[in-house]
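Shown next: structure_31.txt, containing compact mmCIF, C-alpha atoms and all ligand atoms.
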```txt
# COMPACT_ATOMS: atom_id res chain seq x y z
CA MET M 19 16.61 -5.85 -5.09
CA ILE M 20 16.76 -2.52 -6.80
CA ASP M 21 19.63 -1.34 -9.02
CA SER M 22 21.19 2.11 -8.93
CA ARG M 23 18.73 3.46 -11.54
CA GLY M 24 15.75 2.23 -9.60
CA TYR M 25 15.01 -0.92 -11.61
CA TYR M 26 13.69 -4.24 -10.36
CA GLY M 27 14.80 -6.34 -13.32
CA GLU M 28 13.12 -4.65 -16.28
CA PHE M 29 10.57 -2.72 -14.20
CA GLY M 30 10.88 0.64 -12.46
CA GLY M 31 13.00 3.65 -13.37
CA ALA M 32 11.98 7.30 -13.36
CA PHE M 33 9.96 8.54 -16.35
CA ILE M 34 9.17 12.13 -15.45
CA PRO M 35 8.58 15.51 -17.08
CA GLU M 36 11.81 17.49 -17.29
CA MET M 37 10.39 20.12 -14.94
CA LEU M 38 10.30 17.56 -12.12
CA HIS M 39 13.85 16.48 -12.62
CA PRO M 40 15.39 18.62 -9.82
CA ASN M 41 12.88 17.34 -7.22
CA ILE M 42 13.28 13.70 -8.16
CA ALA M 43 17.06 13.98 -8.44
CA GLU M 44 17.23 15.50 -4.95
CA LEU M 45 15.13 12.67 -3.52
CA GLN M 46 17.21 10.05 -5.32
CA ARG M 47 20.40 11.58 -3.96
CA ARG M 48 19.24 11.94 -0.38
CA TYR M 49 16.52 9.48 0.64
CA LEU M 50 18.86 6.70 1.75
CA GLU M 51 21.35 8.92 3.50
CA ILE M 52 18.60 10.76 5.43
CA SER M 53 16.55 7.70 6.35
CA GLN M 54 19.67 5.97 7.67
CA GLU M 55 20.75 8.86 9.92
CA GLU M 56 20.60 7.92 13.58
CA GLY M 57 18.38 10.87 14.50
CA PHE M 58 15.90 10.01 11.75
CA GLU M 59 15.81 6.35 12.69
CA GLN M 60 15.18 7.19 16.37
CA GLN M 61 12.37 9.66 15.65
CA PHE M 62 10.74 7.29 13.14
CA ARG M 63 10.85 4.37 15.60
CA LYS M 64 9.53 6.48 18.48
CA LEU M 65 6.56 7.75 16.48
CA LEU M 66 5.77 4.24 15.22
CA LYS M 67 5.75 3.03 18.81
CA ASP M 68 4.04 5.87 20.71
CA TYR M 69 1.85 7.44 18.02
CA VAL M 70 0.96 4.57 15.67
CA GLY M 71 0.92 1.91 18.39
CA ARG M 72 3.51 -0.47 16.98
CA PRO M 73 4.45 -3.25 17.08
CA SER M 74 1.14 -4.37 15.63
CA PRO M 75 0.16 -7.76 17.08
CA LEU M 76 0.69 -11.04 15.25
CA TYR M 77 -2.46 -12.95 16.16
CA TYR M 78 -2.99 -16.71 15.86
CA ALA M 79 -6.48 -17.02 14.40
CA GLU M 80 -7.62 -20.24 16.03
CA ARG M 81 -11.11 -20.63 14.58
CA LEU M 82 -10.03 -19.57 11.11
CA SER M 83 -7.13 -22.04 11.30
CA LYS M 84 -9.45 -24.85 12.35
CA HIS M 85 -11.77 -24.08 9.42
CA TYR M 86 -8.96 -24.21 6.87
CA GLY M 87 -7.10 -27.08 8.56
CA THR M 88 -3.80 -25.20 8.81
CA ASN M 89 -2.11 -22.50 10.93
CA ILE M 90 -3.12 -18.94 10.14
CA TYR M 91 -1.63 -15.85 11.76
CA LEU M 92 -2.91 -12.32 11.18
CA LYS M 93 -0.55 -9.33 11.11
CA ARG M 94 -2.80 -6.68 12.62
CA GLU M 95 -2.07 -3.49 10.66
CA ASP M 96 -5.77 -2.68 11.16
CA LEU M 97 -4.93 -1.78 14.76
CA ASN M 98 -2.60 1.07 13.75
CA HIS M 99 -3.65 4.66 14.36
CA THR M 100 -5.92 5.65 11.42
CA GLY M 101 -6.77 2.00 10.84
CA ALA M 102 -4.35 0.76 8.20
CA HIS M 103 -0.71 0.33 7.20
CA LYS M 104 -0.57 3.61 5.25
CA ILE M 105 0.49 5.65 8.29
CA ASN M 106 3.88 3.82 8.43
CA ASN M 107 4.83 5.42 5.13
CA THR M 108 3.41 8.90 5.73
CA ILE M 109 5.34 9.17 9.02
CA GLY M 110 8.54 8.24 7.21
CA GLN M 111 7.94 10.73 4.40
CA ILE M 112 6.97 13.67 6.63
CA LEU M 113 10.22 13.22 8.58
CA LEU M 114 12.11 13.10 5.30
CA ALA M 115 10.33 16.22 4.01
CA GLN M 116 11.30 18.12 7.15
CA ARG M 117 14.95 17.20 6.69
CA LEU M 118 14.77 18.35 3.07
CA GLY M 119 13.51 21.73 4.37
CA LYS M 120 10.07 21.38 2.73
CA LYS M 121 7.31 23.48 4.27
CA ARG M 122 4.34 22.29 2.26
CA ILE M 123 2.96 18.81 1.57
CA ILE M 124 0.83 17.67 -1.35
CA ALA M 125 -0.73 14.28 -1.97
CA GLU M 126 -3.42 12.72 -4.11
CA THR M 127 -5.98 10.20 -2.95
CA GLY M 128 -8.68 8.00 -4.45
CA ALA M 129 -10.61 6.43 -1.58
CA GLY M 130 -9.21 8.97 0.82
CA GLN M 131 -7.23 6.52 2.98
CA HIS M 132 -3.84 7.87 1.93
CA GLY M 133 -5.25 11.40 2.14
CA VAL M 134 -6.26 10.82 5.75
CA ALA M 135 -2.89 9.28 6.64
CA THR M 136 -1.15 12.29 5.06
CA ALA M 137 -3.45 14.84 6.69
CA THR M 138 -2.79 13.12 10.02
CA VAL M 139 1.00 13.44 9.91
CA CYS M 140 0.79 17.02 8.61
CA ALA M 141 -1.41 17.94 11.59
CA LEU M 142 1.04 16.14 13.85
CA MET M 143 3.93 18.21 12.52
CA GLY M 144 2.04 21.47 11.95
CA VAL M 145 2.73 21.49 8.21
CA GLU M 146 0.46 22.86 5.46
CA CYS M 147 -1.24 20.04 3.52
CA ILE M 148 -3.14 19.98 0.24
CA VAL M 149 -4.77 16.77 -0.97
CA TYR M 150 -6.00 16.47 -4.55
CA MET M 151 -9.02 14.27 -5.05
CA GLY M 152 -11.27 13.63 -8.04
CA ALA M 153 -14.58 15.47 -7.76
CA VAL M 154 -16.43 12.16 -8.19
CA ASP M 155 -14.38 10.58 -5.38
CA ILE M 156 -15.10 13.57 -3.12
CA GLU M 157 -18.79 12.71 -3.48
CA ARG M 158 -18.25 8.96 -3.03
CA GLN M 159 -15.90 9.15 -0.06
CA ALA M 160 -17.51 11.88 2.03
CA PRO M 161 -16.46 10.59 5.50
CA ASN M 162 -12.75 10.62 4.59
CA VAL M 163 -13.11 14.10 3.07
CA SER M 164 -14.57 15.28 6.39
CA ARG M 165 -11.71 13.62 8.30
CA MET M 166 -9.10 15.39 6.19
CA ARG M 167 -10.85 18.74 6.63
CA MET M 168 -11.14 18.25 10.38
CA LEU M 169 -7.39 17.58 10.45
CA GLY M 170 -6.81 20.95 8.80
CA THR M 171 -6.05 19.76 5.27
CA GLU M 172 -7.33 21.51 2.17
CA VAL M 173 -9.04 19.02 -0.15
CA ARG M 174 -8.86 20.29 -3.74
CA PRO M 175 -11.21 18.72 -6.31
CA ALA M 176 -9.80 17.52 -9.64
CA THR M 177 -12.49 18.31 -12.18
CA SER M 178 -10.91 17.11 -15.43
CA GLY M 179 -11.35 13.74 -17.19
CA SER M 180 -13.13 11.04 -15.22
CA GLN M 181 -12.66 13.13 -12.04
CA THR M 182 -11.09 10.21 -10.19
CA LEU M 183 -7.63 9.13 -8.99
CA LYS M 184 -5.66 9.58 -12.20
CA ASP M 185 -6.97 13.13 -12.62
CA ALA M 186 -6.06 13.92 -9.01
CA THR M 187 -2.57 12.55 -9.73
CA ASN M 188 -2.23 14.86 -12.72
CA GLU M 189 -3.22 17.84 -10.55
CA ALA M 190 -0.71 16.90 -7.85
CA ILE M 191 2.09 16.62 -10.41
CA ARG M 192 1.13 20.01 -11.86
CA ASP M 193 1.27 21.53 -8.38
CA TRP M 194 4.72 20.03 -7.74
CA ILE M 195 6.04 21.41 -11.02
CA ASN M 196 4.80 24.87 -9.99
CA ASN M 197 6.16 24.64 -6.43
CA PRO M 198 9.44 22.73 -6.70
CA GLU M 199 11.30 24.55 -3.93
CA ASP M 200 9.13 24.31 -0.83
CA THR M 201 6.90 21.29 -1.53
CA HIS M 202 7.21 17.54 -0.99
CA TYR M 203 4.81 15.13 -2.73
CA ILE M 204 3.88 12.19 -0.47
CA ILE M 205 3.03 9.18 -2.64
CA GLY M 206 1.02 6.51 -0.82
CA SER M 207 2.13 3.24 -2.39
CA VAL M 208 5.15 1.52 -3.99
CA VAL M 209 4.44 3.28 -7.27
CA GLY M 210 5.77 6.38 -9.03
CA PRO M 211 9.25 7.24 -10.25
CA HIS M 212 12.38 5.98 -8.47
CA PRO M 213 13.01 6.42 -5.52
CA TYR M 214 9.37 6.26 -4.40
CA PRO M 215 8.82 2.49 -4.77
CA ASP M 216 11.98 1.66 -2.82
CA MET M 217 11.47 4.45 -0.27
CA VAL M 218 7.88 3.42 0.50
CA ALA M 219 8.83 -0.28 0.65
CA ARG M 220 11.55 0.54 3.19
CA PHE M 221 9.17 2.53 5.41
CA GLN M 222 6.63 -0.29 5.23
CA SER M 223 9.25 -2.99 5.84
CA VAL M 224 8.69 -2.55 9.57
CA ILE M 225 5.80 -5.00 9.04
CA SER M 226 8.01 -7.96 8.09
CA GLU M 227 10.73 -6.85 10.50
CA GLU M 228 8.26 -7.40 13.33
CA MET M 229 6.99 -10.65 11.79
CA LEU M 230 10.49 -12.14 12.06
CA TRP M 231 10.63 -11.96 15.87
CA GLN M 232 6.91 -12.40 16.45
CA LEU M 233 6.87 -15.66 14.48
CA LYS M 234 10.04 -16.82 16.24
CA GLU M 235 8.36 -16.17 19.59
CA GLN M 236 5.13 -17.95 18.68
CA THR M 237 6.21 -20.76 16.34
CA GLY M 238 9.92 -21.19 17.07
CA SER M 239 10.88 -20.14 13.53
CA GLU M 240 11.27 -16.69 11.99
CA ASP M 241 9.92 -17.95 8.70
CA PRO M 242 6.33 -18.71 7.75
CA ASP M 243 5.60 -20.98 4.79
CA ILE M 244 3.31 -18.49 3.05
CA ILE M 245 2.65 -14.73 3.26
CA VAL M 246 -0.62 -13.48 1.76
CA ALA M 247 -1.30 -9.79 1.05
CA CYS M 248 -3.65 -7.80 -1.17
CA VAL M 249 -2.10 -5.61 -3.87
CA GLY M 250 -3.41 -2.28 -5.08
CA GLY M 251 -0.18 -0.42 -5.76
CA GLY M 252 1.48 -2.93 -3.47
CA SER M 253 2.73 -1.18 -0.33
CA ASN M 254 1.25 -3.45 2.34
CA ALA M 255 2.40 -6.46 0.32
CA ALA M 256 5.89 -4.97 -0.08
CA GLY M 257 6.11 -4.32 3.65
CA SER M 258 5.03 -7.82 4.62
CA TYR M 259 7.31 -9.51 2.04
CA TYR M 260 10.36 -7.28 2.50
CA HIS M 261 12.56 -9.29 4.89
CA TYR M 262 11.55 -12.54 3.20
CA LEU M 263 12.29 -11.58 -0.39
CA GLU M 264 15.56 -13.52 -0.45
CA LYS M 265 14.18 -16.50 1.48
CA ASP M 266 12.93 -18.54 -1.45
CA HIS M 267 11.33 -21.16 0.80
CA VAL M 268 8.79 -18.53 1.93
CA ARG M 269 5.97 -18.36 -0.64
CA LEU M 270 4.66 -14.89 -1.43
CA VAL M 271 1.04 -14.58 -2.55
CA ALA M 272 -0.13 -11.31 -4.17
CA VAL M 273 -3.89 -10.93 -4.26
CA GLU M 274 -5.48 -8.66 -6.87
CA ALA M 275 -9.03 -7.47 -7.38
CA ALA M 276 -10.88 -9.21 -10.20
CA GLY M 277 -13.97 -7.02 -9.82
CA LEU M 278 -16.90 -8.68 -11.60
CA GLY M 279 -14.52 -11.31 -13.04
CA VAL M 280 -11.01 -11.17 -14.54
CA HIS M 281 -12.27 -11.08 -18.13
CA SER M 282 -15.57 -9.26 -17.48
CA GLY M 283 -14.24 -5.88 -18.60
CA GLU M 284 -14.83 -4.68 -15.02
CA SER M 285 -11.65 -5.69 -13.22
CA ALA M 286 -8.36 -4.52 -11.73
CA ALA M 287 -6.37 -7.76 -12.12
CA THR M 288 -3.28 -6.07 -13.52
CA SER M 289 -0.93 -9.06 -13.37
CA VAL M 290 -3.25 -11.03 -15.69
CA LEU M 291 -4.56 -8.22 -17.90
CA GLY M 292 -1.60 -5.84 -17.79
CA THR M 293 1.08 -5.34 -20.40
CA LYS M 294 4.42 -3.54 -20.12
CA GLY M 295 4.28 0.21 -20.25
CA VAL M 296 4.82 3.40 -18.29
CA ILE M 297 2.36 4.73 -15.74
CA HIS M 298 2.89 7.42 -13.10
CA GLY M 299 6.61 7.59 -13.72
CA SER M 300 7.66 3.97 -13.77
CA ARG M 301 7.83 1.11 -16.24
CA THR M 302 5.60 -1.66 -15.02
CA LEU M 303 2.56 -3.76 -15.88
CA LEU M 304 -0.59 -1.79 -16.54
CA MET M 305 -4.02 -2.19 -18.09
CA GLN M 306 -3.93 -0.38 -21.44
CA THR M 307 -5.41 -0.54 -24.90
CA ASP M 308 -3.26 -1.53 -27.92
CA ASP M 309 -2.49 2.13 -28.53
CA GLY M 310 -1.49 2.79 -24.95
CA GLN M 311 -4.62 4.38 -23.46
CA ILE M 312 -5.16 3.44 -19.82
CA ILE M 313 -8.17 1.17 -19.30
CA GLU M 314 -10.34 2.30 -16.37
CA PRO M 315 -10.04 -0.35 -13.67
CA TYR M 316 -12.93 -1.50 -11.52
CA SER M 317 -13.13 -3.06 -8.06
CA ILE M 318 -15.66 -2.86 -5.25
CA SER M 319 -12.73 -1.77 -3.07
CA ALA M 320 -11.48 1.72 -3.84
CA GLY M 321 -7.97 0.91 -2.60
CA LEU M 322 -7.44 -1.86 -5.18
CA ASP M 323 -9.06 0.03 -8.04
CA TYR M 324 -5.77 0.95 -9.76
CA PRO M 325 -4.79 0.24 -13.41
CA GLY M 326 -1.14 -0.53 -12.60
CA ILE M 327 0.95 -2.39 -10.05
CA GLY M 328 4.19 -1.30 -8.37
CA PRO M 329 7.35 -2.23 -10.35
CA MET M 330 8.60 -4.46 -7.53
CA HIS M 331 5.48 -6.61 -7.79
CA ALA M 332 5.60 -6.65 -11.59
CA HIS M 333 9.11 -8.08 -11.19
CA LEU M 334 8.19 -10.58 -8.45
CA ILE M 335 5.24 -11.91 -10.45
CA HIS M 336 7.07 -11.83 -13.81
CA THR M 337 9.96 -13.88 -12.38
CA GLY M 338 7.68 -16.30 -10.54
CA ARG M 339 8.90 -15.28 -7.07
CA ALA M 340 5.36 -14.23 -6.13
CA GLU M 341 2.13 -16.03 -7.05
CA ALA M 342 -0.74 -13.81 -8.19
CA VAL M 343 -4.32 -14.69 -7.23
CA SER M 344 -7.42 -12.80 -8.50
CA ILE M 345 -10.47 -12.39 -6.28
CA THR M 346 -13.89 -11.10 -7.36
CA ASP M 347 -16.05 -8.57 -5.49
CA GLN M 348 -18.40 -11.33 -4.35
CA GLU M 349 -15.57 -13.56 -3.09
CA ALA M 350 -14.13 -10.64 -1.14
CA LEU M 351 -17.51 -9.80 0.41
CA ASP M 352 -18.02 -13.43 1.44
CA ALA M 353 -14.55 -13.53 2.99
CA ALA M 354 -15.20 -10.30 4.93
CA PHE M 355 -18.41 -11.70 6.45
CA PHE M 356 -16.71 -14.99 7.21
CA LEU M 357 -13.80 -13.31 9.01
CA ALA M 358 -16.16 -11.06 10.96
CA ARG M 359 -18.16 -14.03 12.21
CA THR M 360 -15.25 -16.38 12.79
CA GLU M 361 -12.74 -14.09 14.48
CA GLY M 362 -14.71 -10.95 15.42
CA ILE M 363 -12.64 -8.81 13.05
CA ILE M 364 -14.23 -6.63 10.34
CA PRO M 365 -11.56 -6.19 7.65
CA ALA M 366 -11.25 -3.44 5.04
CA LEU M 367 -12.66 -4.50 1.66
CA GLU M 368 -9.12 -4.45 0.25
CA THR M 369 -7.94 -6.82 2.97
CA ALA M 370 -10.96 -9.09 2.45
CA HIS M 371 -9.46 -10.00 -0.94
CA ALA M 372 -6.40 -11.44 0.84
CA PHE M 373 -8.64 -13.60 3.04
CA ALA M 374 -10.60 -14.88 0.05
CA ALA M 375 -7.33 -16.15 -1.42
CA LEU M 376 -7.19 -18.77 1.36
CA ASP M 377 -9.83 -20.64 -0.66
CA LYS M 378 -7.64 -20.58 -3.78
CA ILE M 379 -4.10 -21.43 -2.73
CA LYS M 380 -2.54 -24.82 -1.99
CA TYR M 381 -1.13 -25.38 1.50
CA LYS M 382 -0.38 -28.21 3.92
CA ALA M 383 -1.85 -28.89 7.38
CA ASP M 384 1.39 -28.04 9.19
CA ASP M 385 2.07 -24.85 7.20
CA VAL M 386 2.30 -21.47 8.87
CA ILE M 387 0.44 -18.83 6.84
CA VAL M 388 0.57 -15.11 7.63
CA VAL M 389 -2.22 -12.94 6.20
CA ASN M 390 -1.38 -9.25 6.30
CA LEU M 391 -4.51 -7.62 7.71
CA SER M 392 -3.85 -4.29 6.03
CA GLY M 393 -6.80 -2.32 7.42
CA ARG M 394 -10.06 -2.27 9.32
CA GLY M 395 -13.48 -2.19 7.73
CA ASP M 396 -15.25 0.73 9.42
CA LYS M 397 -14.87 2.79 6.25
CA ASP M 398 -16.60 0.03 4.25
CA LEU M 399 -19.66 -0.53 6.42
CA GLY M 400 -21.79 1.38 3.91
CA THR M 401 -20.89 -1.26 1.30
CA TYR M 402 -21.19 -4.19 3.69
CA VAL M 403 -24.70 -3.29 4.90
CA LYS M 404 -26.00 -3.51 1.33
CA HIS M 405 -25.04 -7.21 1.40
CA PHE M 406 -26.56 -8.24 4.75
C1 LIG P 1 -4.79 1.59 0.37
C2 LIG P 1 -5.05 0.27 0.93
C3 LIG P 1 -4.64 -0.92 0.28
C4 LIG P 1 -3.98 -0.91 -1.09
O1 LIG P 1 -2.75 -0.25 -1.14
P1 LIG P 1 -1.36 -1.02 -1.21
O2 LIG P 1 -0.38 0.04 -1.52
O3 LIG P 1 -1.46 -2.06 -2.27
O4 LIG P 1 -1.13 -1.64 0.12
C5 LIG P 1 -4.84 -2.13 0.90
N1 LIG P 1 -5.47 -2.21 2.10
C6 LIG P 1 -5.89 -1.10 2.76
C7 LIG P 1 -6.57 -1.27 4.07
C8 LIG P 1 -5.70 0.16 2.19
O5 LIG P 1 -6.15 1.25 2.85
```
Output the structure of this file as C-alpha cells.
Ligand SMILES: *Cc1c(COP(=O)(O)O)cnc(C)c1O
Amino acid sequence: MIDSRGYYGEFGGAFIPEMLHPNIAELQRRYLEISQEEGFEQQFRKLLKDYVGRPSPLYYAERLSKHYGTNIYLKREDLNHTGAHKINNTIGQILLAQRLGKKRIIAETGAGQHGVATATVCALMGVECIVYMGAVDIERQAPNVSRMRMLGTEVRPATSGSQTLKDATNEAIRDWINNPEDTHYIIGSVVGPHPYPDMVARFQSVISEEMLWQLKEQTGSEDPDIIVACVGGGSNAAGSYYHYLEKDHVRLVAVEAAGLGVHSGESAATSVLGTKGVIHGSRTLLMQTDDGQIIEPYSISAGLDYPGIGPMHAHLIHTGRAEAVSITDQEALDAAFFLARTEGIIPALETAHAFAALDKIKYKADDVIVVNLSGRGDKDLGTYVKHF
C-alpha cells in the first residue's frame, strides 16, 4: 500500500529534524532487507511461537454470537506474553536493532504497555533500555512502572509541558539525536516517520496471517465479512487488517475513543475531529487548533488517548476502505462488563471499545465477524472496580 517515500495516498512520509536524518535514512534503507533475511525470519517466528505463545487462538464466542444474532470470533491477542499485541512489534524491532549493531534501546510510553513490552524484549536480549514517561503518567500508571523497573529498565520522567505522552516523545527524540550511533528507538504503534508505520504493520501482520488459516479451518473460508479493531495509533488494527487490505469484500471497522462524547471537548475521535497536519514525523489526521496547536485528547483508556492516528488508517478512512466508529467511555465500560459476564473474558479498556462497536455496526445473521481482542484487562481493574 505504501509508496517508496512512505506515503499511503496523501498520508505518511518522514518529517524529521535534520539531526535525525542519518538514523531514519539507515532504517529506511535496511528494514525490509533485514526483516526478509532467512535468519531474521526464523528467529522472529521461533520467538513468537516459544516466547510469546503464538499462534494466538481464534475463538468462536458462542454466547456473544447468540446475543447479537450473528457469528463472532475473537482473535485472542490478550493471551500473548505480557497480555497484548504490542510484544509482536517489540520482538521484531529488537531483532532489527541487533542486526543494525545497536547496543542501547530507547522508547516512550503513555500507559506503560509499550514500555513493558520494550523492557521485556530488552531483558530477553540483555540490552540496555531507557523508557521515557511523563511524570504525571508515572504517578498514574504505577504498576507498569514497577514492571519495567523489575525487568531492569530505567524509567526516566519527562517533566516538561503536560508531563504526559507527547512530552515523553520529545525527550526520546532528544535522546536519539544525542546518541545516533549506538541507539535504536522502538516506536510502539503504526505512527512516526517512514519506515515506522510500515515496519510496525509488517511485524503485527502475523495477526491476520494466522486469521487466514484459522478462519479457513473453522468456517471453511479464509475471509470473514467484517474485522473490528480499536485504534489508538492503529497497530493492532493494522495487524488484523493487513492480509485483507486488498480484499474489498472484507469490511474493516476502526473503533476510536469518543471519551465523554465526540463533540464534548473531551474526546480522542481523531477521524471525526482531526484535520490534516504533521504529528510525530508523519502527515496524517490529528486534533489541532486552527493555528496548529495539538488539542489534548481524552479517553478513559490510556492506550487510545492519542491526538493523531497512523497514516495508514488516515488513508483507509479517508478513502472509505475502513469505517470509523466512535465509542464513549460509558459504552466501552458497559461492553467490558458484558464481555466478562458473557464469555468469561476481561478485556483491556482499549479493546472494550471494539466490543462496544458491535452495537453500532450493521451486519447480517450469517456474517462472520472477527473482533481483535488486543489485550487483557488486568491493568484496568482499578478503573473497572469504580464502576461495579
Ligand atoms: C496500546 C494498546 C492499544 C492501542 O494501540 P494500537 O497501536 O492502536 O493498537 C490497543 N489495545 C491494547 C490492549 C493496547 O495495549
- Task: Excluding Val163 in chain M and any residue of its chain fewer than 2 positions from it, enumerate the residues within 10 Å of it, using only C-alpha atoms, and give them as a ChimeraX atom specification.
- Result: /M:129-131,133-134,149,151,155-161,165-169,171-173
- Message: With distances taken over all atoms listed in the file, which residue among M:Ile379, M:Val389, M:Ile244, M:Leu118 lies nearest Thr201 in chain M?
- Response: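 When distances to Thr201 in chain M are compared using all atoms listed in the file, the smallest one comes from M:Leu118.
Considering all atoms listed in the file, the residues that reside within 6 Å of ligand LIG 1 (chain P) can be listed as Ala102, Gln131, Ser207, Val249, Gly250, Gly251, Gly252, Ser253, Asn254, Ala255, Gly321, Leu322, Ala366, Glu368, Thr369, Ser392 and Gly393 of chain M.
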Please build the interface table for range 212-328 of chain M against range 346-352 of chain M with a cut-off of 9 Å, listing for each qualifying residue the nearest atom pair and the distance in Å to one decimal; count all atoms listed in the file, order rows by chain and increasing number, and write it as JSON lines.
```
{"residue": "M:Glu274", "atom": "CA", "partner": "M:Thr346", "partner_atom": "CA", "distance": 8.8}
{"residue": "M:Ala275", "atom": "CA", "partner": "M:Thr346", "partner_atom": "CA", "distance": 6.1}
{"residue": "M:Ala276", "atom": "CA", "partner": "M:Thr346", "partner_atom": "CA", "distance": 4.5}
{"residue": "M:Gly277", "atom": "CA", "partner": "M:Thr346", "partner_atom": "CA", "distance": 4.8}
{"residue": "M:Leu278", "atom": "CA", "partner": "M:Thr346", "partner_atom": "CA", "distance": 5.7}
{"residue": "M:Gly279", "atom": "CA", "partner": "M:Thr346", "partner_atom": "CA", "distance": 5.7}
{"residue": "M:Val280", "atom": "CA", "partner": "M:Thr346", "partner_atom": "CA", "distance": 7.7}
{"residue": "M:Ser285", "atom": "CA", "partner": "M:Thr346", "partner_atom": "CA", "distance": 8.3}
{"residue": "M:Ser317", "atom": "CA", "partner": "M:Asp347", "partner_atom": "CA", "distance": 6.7}
{"residue": "M:Ile318", "atom": "CA", "partner": "M:Asp347", "partner_atom": "CA", "distance": 5.7}
{"residue": "M:Ser319", "atom": "CA", "partner": "M:Asp347", "partner_atom": "CA", "distance": 7.9}
```
- Item | Point-to-point distance in Å for CA of Glu228 in chain M and CA of Leu97 in chain M |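 CA of Glu228 in chain M lies 14.4 Å from CA of Leu97 in chain M.
The coordinates place CA of Thr127 in chain M at 26.1 Å from CA of Asp68 in chain M.
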- Message: Taking all atoms listed in the file into account, name the residue in M:Asp200, M:Gln232, M:Phe406, M:Gly283 that is nearest to Tyr78 in chain M.
- Response: M:Gln232
- Which of these residues is nearest to Leu334 in chain M, using all atoms listed in the file: M:Glu126, M:Glu51, M:Asp377, M:Asp266? M:Asp266
- Task: Name the closest residue to Lys84 in chain M among the candidates M:Ala219, M:Leu38, M:Ala383, M:Ile205; distances are taken between atoms, counting all atoms listed in the file.
- Result: M:Ala383
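For Leu263 in chain M, the residues within 10 Å (counting all atoms listed in the file, excluding itself and residues fewer than 5 positions away along the chain) are Met19, Ala256, Ser258, Val268, Arg269, Leu270, Leu334, Arg339 and Ala340 of chain M.
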- Task: Go through M:Leu113, M:Ala125, M:Ala135, M:Leu357 one by one, measure the shortest atom-to-atom distance of each to Leu183 in chain M using all atoms listed in the file, and give the residue with the smallest value.
- Result: M:Ala125
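Minimum distance to Asp185 in chain M across M:Ala153, M:Ile42, M:Ile109, M:Val246 (counting all atoms listed in the file) occurs at M:Ala153.
All residues of protein, DNA or RNA that reach within 12 Å of Leu291 in chain M, judged by only C-alpha atoms and not counting those fewer than 4 positions away in the chain, are Glu274, Ala275, Ala276, Gly279, Val280, His281, Ser282, Gly283, Glu284, Ser285, Ala286, Ala287, Leu303, Leu304, Met305, Gln306, Thr307, Ile312, Ile313, Pro315, Pro325, Gly326, Ile327, Ala342 and Ser344 of chain M.
The interatomic distance for the pair CA of Tyr259 in chain M and CA of Ser300 in chain M works out to 20.8 Å.
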- Excluding same-chain residues fewer than 5 positions from Lys380 in chain M, what lies within 12 Å of it counting only C-alpha atoms, as a PyMOL selection string? chain M and resi 86-88+243-244+269+271+341+343+375+385+387
Can I get the selected residues back with C-alpha atoms, as a short mmCIF file (atom, residue, chain, number, x, y, z; two decimals), in the frame of the given file?
```cif
data_model
loop_
_atom_site.label_atom_id
_atom_site.label_comp_id
_atom_site.auth_asym_id
_atom_site.auth_seq_id
_atom_site.Cartn_x
_atom_site.Cartn_y
_atom_site.Cartn_z
CA TYR M 86 -8.96 -24.21 6.87
CA GLY M 87 -7.10 -27.08 8.56
CA THR M 88 -3.80 -25.20 8.81
CA ASP M 243 5.60 -20.98 4.79
CA ILE M 244 3.31 -18.49 3.05
CA ARG M 269 5.97 -18.36 -0.64
CA VAL M 271 1.04 -14.58 -2.55
CA GLU M 341 2.13 -16.03 -7.05
CA VAL M 343 -4.32 -14.69 -7.23
CA ALA M 375 -7.33 -16.15 -1.42
CA ASP M 385 2.07 -24.85 7.20
CA ILE M 387 0.44 -18.83 6.84
#
```
- Test item: which residues lie within 9 Å of (3.2, 6.6, 6.1) counting only C-alpha atoms, as JSON, numbers by chain: {"M": [103, 104, 105, 106, 107, 108, 109, 110, 111, 112, 132, 135, 136, 139, 204, 206, 218, 221, 222]}
- Give me the residues within 9 Å of range 193-199 of chain M as a ChimeraX atom specification, counting only C-alpha atoms and dropping any in the same chain fewer than 2 places off. /M:35,37-38,40-41,120,124,188-191,201-203
- Message: (-2.2, -13.0, 17.6) in this file's frame - what residues fall within 9 Å of it? Use all atoms listed in the file and give the answer as a list in words.
- Response: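 The distance filter leaves exactly Pro75, Leu76, Tyr77, Tyr78, Ala79, Tyr91, Leu92, Lys93, Arg94 and Gln236 of chain M.
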For range 196-266 of chain M against range 20-34 of chain M, with a cut-off of 12 Å and counting all atoms listed in the file, what is the closest atom pair and its distance in Å to one decimal for every residue that makes the cut, ordered by chain and number, as a tab-separated table?
```
residue	atom	partner	partner_atom	distance
M:Val208	CA	M:Gly30	CA	10.3
M:Val209	CA	M:Gly30	CA	8.7
M:Gly210	CA	M:Ala32	CA	7.6
M:Pro211	CA	M:Ala32	CA	4.1
M:His212	CA	M:Ala32	CA	5.1
M:Pro213	CA	M:Gly24	CA	6.5
M:Tyr214	CA	M:Gly24	CA	9.2
M:Pro215	CA	M:Gly30	CA	8.2
M:Asp216	CA	M:Ile20	CA	7.5
M:Met217	CA	M:Gly24	CA	10.5
M:Ala219	CA	M:Ile20	CA	11.1
M:Arg220	CA	M:Ile20	CA	11.7
M:Leu263	CA	M:Ile20	CA	12.0
```
